[in-house]
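Visitor: The structure is given below, and queries will be raised subsequently.
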Protein chains: 2
Amino acid sequence: MNRMEAERIKEALQYRKLIDVLCDENQFADVVLEGGYVINTVTREILEADVAIKGEHVLMVGDCKDLIGKNTKVQNVRGKFVSPGFIDAHMHFESSMLTCTEFSRLSIPTGTTGMVCDPHEIGNVLGINGMKAMIEEARTLPNQILFTIPAMVPDAPGLETAGEDVNSTHMKDILPDPLVRGIGEIEHFANIQPVYENAPHIIDDLIAAVSYCKGLGKTVEGNAPQLFGKDLAAHIIGGGNHVSCHETTTKEETMEKLRYGVTVHMREGSSQRNMADCVRAVTEEGMDSRRLTIVTDDVVAEDLLRDGHMNEVIRRAIAVGVDPVEAIQMTTINPAQHFGLDDVGFLAPGKRANIAIIDDLNEMTINSVYLNGVKASEGNDLLIELGSYTYPESVKNSVKCDPISVEDLHIPARGNKAKVRSLVAIPFQNLTNADEFTLNVENGVVQPCLQQDVLPVFVIERHGRTSNIGKGFLNGFKLKEGAIAESVAHNTHNIIVTGTNYEDMVTAVNRVIAMGGGIAMIKDGKVVGDLELNVGGLITDKLDAQEVSEEIAELTRLAKDELGCEMEVPFMHLSFWTLVTSPDLKITDYGLIDVKSFEILDPVIE
Amino acid sequence: MNRMEAERIKEALQYRKLIDVLCDENQFADVVLEGGYVINTVTREILEADVAIKGEHVLMVGDCKDLIGKNTKVQNVRGKFVSPGFIDAHMHFESSMLTCTEFSRLSIPTGTTGMVCDPHEIGNVLGINGMKAMIEEARTLPNQILFTIPAMVPDAPGLETAGEDVNSTHMKDILPDPLVRGIGEIEHFANIQPVYENAPHIIDDLIAAVSYCKGLGKTVEGNAPQLFGKDLAAHIIGGGNHVSCHETTTKEETMEKLRYGVTVHMREGSSQRNMADCVRAVTEEGMDSRRLTIVTDDVVAEDLLRDGHMNEVIRRAIAVGVDPVEAIQMTTINPAQHFGLDDVGFLAPGKRANIAIIDDLNEMTINSVYLNGVKASEGNDLLIELGSYTYPESVKNSVKCDPISVEDLHIPARGNKAKVRSLVAIPFQNLTNADEFTLNVENGVVQPCLQQDVLPVFVIERHGRTSNIGKGFLNGFKLKEGAIAESVAHNTHNIIVTGTNYEDMVTAVNRVIAMGGGIAMIKDGKVVGDLELNVGGLITDKLDAQEVSEEIAELTRLAKDELGCEMEVPFMHLSFWTLVTSPDLKITDYGLIDVKSFEILDPVIE
């Protein structure tokens with residue numbers, strides 16, 4: 001009997017018990033939430049009703065007086081709102097640098113009871129085994145954590161180096177797991193024409209993985225930034241005819257995608273905030289919102305601590321004019337339907353008793369949270385025990401390259417001036433523009449230019465496979481002194497570094513290597529600040545959320561105060577400029593990548 | 001490699017080809033429907049657009065000029081409406097007395113491209129093998145015919161006799177079939193309290209079957225007439241937390257069920273028409289309609305021929321004030337979502353090219369229909385070949401009882417008068433009321449009473465298992481002369497007979513037995529009309545739809561003209577008075593059944 005069968009039989013036994021309580025007048029509910037305003041996420045109504053709970057499930061919503069016995073715990077929730085727990089339909093734990101456990105510790109009291117995680121960061125570093133390690137952690141937790149698994153690692157074979165390669169042949173080893181809900185964002189088919197022309201075998205492999213996934217009754221997540229018309233059609237078909245997109249940034253793009261049947265996961269994370277634009281398809285154009293969700297994608301620990309999790313994104317949706325109940329639908333029933341999860345996202349008989357009790361609907365202040373019928377939090381206080389989780393050694397020590405020297409980073413050019421290609425940062429987006437700048441050349445090496453805000457940027461392969469170093473330039477990071485390096489660099493997570501001088505960049509990279517992964521800031525040869533990320537070079541199992549948040553806040557403060565970096569959320573921004581699946585110009589360990597043509601470009605034009 | 005895998009691989013190959021056409025400017029669509037008003041069933045919009053088709057799938061919806069090559073067939077559909085083909089989410093082929101093939105021959109030109117059939121009639125007569133025979137027929141057809149399988153036959157063990165028993169242990173033999181979408185209407189758990197109190201083992205068996213079904217990722221159909229509150233909650237949980245109901249008859253019941261998350265299949269069949277009342281939850285109360293569908297449940301061949309199929313029920317919905325696009329949603333995307341079918345119900349890239357082209361949206365006149373990318377009909381003309389289908393001998397000769405005599409039917413009583421229990425017919429409902437009448441007794445036998453319109457009614461077990469004869473009375477059938485018998489009598493399909501005199505009733509029953517199943521009308525000892533139903537005693541594979549329709553029309557005419565029966569659709573009404581899963585009083589081969597108490601009642605009170 002496999003794990004899924006055991007779960008199913010357990011549910012069957014619980015359901016039998018629920019029917020007993022409903023049909024036998026001498027049996028009673030375990031808990032009754034009395035007299036609240038219950039959010040009906042199917043009919044989009046608010047109805048005054050009790051909610052009765054038995055075991056892990058909702059027994060009944062309505063008048064539940066008959067179900068109250070002498071051992072029933074009754075919580076008076078009059079004047080409060082009773083909602084299904086919120087679901088974050090697309091997120092990466094790695095972005096928070098926290099374990100699932102520490103993320104959950106913060107997330108549960110904010111009303112989030114479900115998350116669909118795409119573990120493609122740890123998957124890029126450690127392959128199937130890395131993802132399995134994260135799934136094992138999730139299995140220990142009481143909130144609902146599901147996974148969508150990348151069907152191809154790296155996303156752009158031949159343009160970047162991952163720690164392990166993953167393709168369709170690996171799917172049978174992980175997709176059947178009951179916590180795996182399907183295939184994650186198919187970034188490798190985000191650039192339709194370049195892939196079609198340059199790497200058609202990627203399409204064959206994608207279709208093979210998707211076909212197998214659909215055969216298991218599981219879903220496929222899309223990734224279709226700026227795709228329209230035939231390109232969007234090809235992307236949808238590549239994903240098996242029903243996909244999502246969490247990379248949609250405008251109202252028009254949202255409308256087009258909804259018309260094509262795409263579920264639009266409107267992103268509202270720490271560095272990328274697209275919901276306010278996307279949701280105008282509803283607030284201005286009156287489109288049906290059933291295929292819209294709000295997701296965080298990437299959120300940092302500090303934001304979680306300060307603002308909350310899904311309650312915060314709902315609050316923001318309400319602030320831009322979305323009806324509160326509709327905003328809750330976008331974070332409950334809509335994601336549940338998208339993933340075919342029939343027992344969450346809605347409070348009705350037999351559903352999982354994952355419940356958020358809300359004091360103020362517009363402010364989304366969470367009074368208390370039930371998980372599987374058990375009161376899990378009150379205010380910010382977690383009432384259930386979450387042990388700290390330690391990852392196995394097999395997913396640690398993942399930085400496998402040797403220290404580098406200044407010569408490794410030099411970008412040579414002749415003469416006094418060089419025309420160079422540069423990424424142009426777009427704040428709060430993972431997209432970049434591309435531009436050209438003229439920089440000084442000293443001793444045959446192109447020099448950073450603070451006046452133009454153009455700095456060298458490098459990606460050092462760190463998986464022990466190629467020793468590649470990709471070289472390019474970066475405009476708009478607003479760094480004034482020193483260097484910043486990190487082993488978090490989407491999606492292959494080699495080490496990215498930028499800085500105002502070569503020496504500090506080398507020191508920063510070598511500091512990251514010495515820590516076995518993490519973030520390092522160097523000024524004048526000295527460590528200004530650093531953070532060890534011991535699991536895959538991405539997250540830490542040594543710190544809790546408060547500690548990570550404080551560390552990152554301190555590093556962010558130091559980046560600004562000591563290095564003069566004016567970019568907000570600098571480490572997250574830096575980590576996205578390696579993402580070769582979203583336009584226009586990115587950098588990997590292979591070099592500068594023209595995302596639209598799949599070409600590797602020389603950083604120096606002339 | 002099983003059948004499902006082969007289908008999946010075929011789809012994968014076709015999808016690869018679609019991507020080729022979208023990405024390679026030298027490849028083109030097979031068909032382009034040019035310039036129609038396309039019904040977008042996700043966004044509830046009508047947008048002027050082309051629809052391009054490649055192979056069996058929609059390639060693209062939008063501006064498809066680029067996809068027209070010299071071999072592309074272009075159909076100008078300007079001024080017409082282009083809709084996903086319609087889906088009948090709950091129906092029984094047996095009610096039409098037609099094979100799936102003959103039903104499809106009529107149904108396809110009306111825009112219906114998908115049906116979810118519950119073969120519980122043939123299942124009650126012939127068990128799993130009977131249902132498999134029907135599934136094998138469906139596999140030969142080009143329209144999408146899926147099945148939901150009864151988890152228990154008979155619905156009320158101990159109160160009626162079926163030809164074969166089915167329970168949870170049989171599910172593994174049939175549920176995995178790719179054409180089987182799940183478990184059919186759980187009628188055996190429609191009467192919550194009586195089942196709980198009298199037959200709790202039914203609940204255990206139901207939960208076991210449902211649990212197995214959910215493990216396969218398949219759905220469960222409910223059956224919850226007049227259930228509210230705790231009873232409705234218990235029914236939903238018995239069905240595994242998300243069920244449908246096609247037995248809902250009022251606005252209030254619809255609202256309650258939607259609030260509980262039930263998908264309400266609003267019924268609009270030949271004898272039972274509930275949509276107009278149910279849909280007021282939308283037209284009057286403004287409730288979200290995403291979990292409403294319109295279904296036929298039971299439709300006779302004559303109605304199909306005269307009025308159409310799903311186009312007719314959409315027309316009726318529009319006539320009672322439903323927005324046309326919303327009515328189409330109720331028959332396309334809503335049923336598709338309910339059953340988790342991601343490739344139908346919506347026209348978008350990669351979806352199955354099952355398309356209804358509509359001349360007039362309010363009149364729902366169907367111009368032409370595409371099935372799997374092939375033009376299947378134009379007007380009423382089928383353009384594709386459907387062979388006539390002959391069932392195997394194993395599902396024929398299903399009437400296994402000996403002829404009866406007048407003495408078998410006598411209902412004895414003492415004295416001159418008897419107070420009797422009687423079903424009271426409710427036109428166009430499968431429900432009945434119960435009442436008591438005083439009838440004359442002659443020679444110790446209770447006599448029919450034409451003045452009060454109270455006739456004896458009998459159910460003769462015909463599966464060769466018990467030789468039971470159930471006895472009772474029936475008010476409201478409006479029969480003036482002779483007798484009508486039929487082997488169609490829900491759900492166990494024993495032979496039901498009623499009449500104005502015992503002799504004609506016996507002759508009618510024996511005629512049905514002699515034919516091996518069917519309908520017989522007798523007056524003064526002579527056959528007024530009959531129809532052989534050679535497959536399971538339910539349908540015929542000897543006649544086409546036109547012939548069955550004409551036969552039934554003629555029988556109906558004869559019932560009225562020769563027997564004076566004023567009841568409309570008399571054979572269908574008669575066949576429902578054996579249905580012990582809907583209230584109040586019904587009759588089976590065990591006798592009169594009080595549906596609410598599970599009691600078998602004596603027809604004579606005193």
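Naming scheme: A, B, ... for chains in displayed order of the structure tokens; residues 1 onward per chain; ligands 1 onward as shown.
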Which residues come within 10 Å of Thr263 (chain A), counting only C-alpha atoms, excluding same-chain residues fewer than 3 positions away, as a list in words?
Guide: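 The neighbour list is Glu221, Gly222, His242, Val243, Ser244, Cys245, His246, Thr254, Lys257, Leu258, Arg259, Tyr260, Met266, Ser289, Arg290, Arg291, Leu292, Thr293, Asn334, Pro335 and His338 of chain A.
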Visitor: From a DSSP calculation on the backbone, collect every residue of region 215-392 of chain B in helix (DSSP H, G or I) and output the set as a VMD selection string.
Guide: chain B and resid 215 229 to 238 251 to 259 275 to 278 280 to 283 301 to 307 310 to 319 324 to 329 333 to 338
Visitor: Tell me, as number ranges by chain, which residues lie within 7 Å of Phe81 (chain A), counting only C-alpha atoms; anything in the same chain fewer than 2 positions away does not count.
Guide: A: 36-39, 79, 83, 357-359
Visitor: Between A:Cys401, A:Leu304, A:Val153, A:Val295, single out the one closest to His490 (chain A), counting only C-alpha atoms.
Guide: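 When distances to His490 (chain A) are compared using only C-alpha atoms, the smallest one comes from A:Val153.
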Visitor: I need the residues in region 130-208 of chain A that are strand (DSSP E or B) according to DSSP; give them as a PyMOL selection string.
Guide: chain A and resi 144-149+153+157+160+166+180-183
Visitor: Counting only C-alpha atoms, which residues of chain B fall within 8 Å of chain A, and what is the closest atom pair for each with its distance in Å at one decimal, ordered by chain and rising number, as a Markdown table?
Guide:
```
| residue | atom | partner | partner_atom | distance |
| --- | --- | --- | --- | --- |
| B:Met4 | CA | A:Gly215 | CA | 7.9 |
| B:Glu5 | CA | A:Gly215 | CA | 7.4 |
| B:Arg8 | CA | A:Ser211 | CA | 6.3 |
| B:Ile9 | CA | A:Ser211 | CA | 7.2 |
| B:Ala12 | CA | A:Ile207 | CA | 6.2 |
| B:Tyr15 | CA | A:Ile237 | CA | 6.3 |
| B:Arg16 | CA | A:Asp204 | CA | 7.3 |
| B:Leu18 | CA | A:Ala234 | CA | 7.5 |
| B:Ile19 | CA | A:Ala234 | CA | 5.3 |
| B:Leu22 | CA | A:Lys230 | CA | 5.7 |
| B:Cys23 | CA | A:Gln193 | CA | 6.5 |
| B:Asn40 | CA | A:Arg259 | CA | 6.8 |
| B:Val42 | CA | A:Gly261 | CA | 6.4 |
| B:Thr43 | CA | A:Asp288 | CA | 5.3 |
| B:Arg44 | CA | A:Asp288 | CA | 7.1 |
| B:Leu59 | CA | A:Ala233 | CA | 7.3 |
| B:Met60 | CA | A:Ala233 | CA | 6.2 |
| B:Val61 | CA | A:Tyr260 | CA | 7.9 |
| B:Gly62 | CA | A:Gly229 | CA | 7.3 |
| B:Ile192 | CA | A:Cys23 | CA | 7.7 |
| B:Gln193 | CA | A:Cys23 | CA | 6.5 |
| B:Tyr196 | CA | A:Cys23 | CA | 6.9 |
| B:Ile203 | CA | A:Arg16 | CA | 7.8 |
| B:Asp204 | CA | A:Arg16 | CA | 7.3 |
| B:Ile207 | CA | A:Ala12 | CA | 6.2 |
| B:Ala208 | CA | A:Ala12 | CA | 7.1 |
| B:Ser211 | CA | A:Ala12 | CA | 6.3 |
| B:Gly215 | CA | A:Arg8 | CA | 7.1 |
| B:Gly217 | CA | A:Gly217 | CA | 6.6 |
| B:Gly229 | CA | A:Gly62 | CA | 7.3 |
| B:Lys230 | CA | A:Leu22 | CA | 5.7 |
| B:Asp231 | CA | A:Leu22 | CA | 7.2 |
| B:Ala233 | CA | A:Pro349 | CA | 5.3 |
| B:Ala234 | CA | A:Ile19 | CA | 5.3 |
| B:Ile236 | CA | A:Pro349 | CA | 6.8 |
| B:Ile237 | CA | A:Gly350 | CA | 5.2 |
| B:Gly238 | CA | A:Tyr15 | CA | 7.2 |
| B:Gly240 | CA | A:Gly350 | CA | 7.2 |
| B:Asn241 | CA | A:Gly350 | CA | 4.8 |
| B:His242 | CA | A:Asp342 | CA | 6.8 |
| B:Leu258 | CA | A:Thr43 | CA | 6.7 |
| B:Arg259 | CA | A:Thr43 | CA | 6.2 |
| B:Tyr260 | CA | A:Ala348 | CA | 5.4 |
| B:Gly261 | CA | A:Val42 | CA | 6.4 |
| B:Met287 | CA | A:Thr43 | CA | 5.9 |
| B:Asp288 | CA | A:Thr43 | CA | 5.3 |
| B:Gly340 | CA | A:Gly340 | CA | 7.4 |
| B:Asp342 | CA | A:His242 | CA | 6.8 |
| B:Asp343 | CA | A:Asn241 | CA | 6.9 |
| B:Phe346 | CA | A:Gly261 | CA | 8.0 |
| B:Ala348 | CA | A:Tyr260 | CA | 5.4 |
| B:Pro349 | CA | A:Ala233 | CA | 5.3 |
| B:Gly350 | CA | A:Asn241 | CA | 4.8 |
| B:Lys351 | CA | A:Asn241 | CA | 6.3 |
```
Visitor: What is the CA of Thr365 (chain A)-CA of Ile108 (chain A) distance in Å, reported with one decimal?
Guide: 13.0 Å
Visitor: If we count only C-alpha atoms and set the cut-off at 9 Å, which residues sit around Asp453 (chain A), ignoring sequence neighbours fewer than 2 positions away in its own chain? Please answer as a list of chain:residue names.
Guide: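 Skipping anything fewer than 2 positions along the chain leaves A:Pro448, A:Cys449, A:Leu450, A:Gln451, A:Leu455, A:Leu474, A:Asn475, A:Gly476, A:Phe477, A:Lys478, A:Leu479, A:Lys480.
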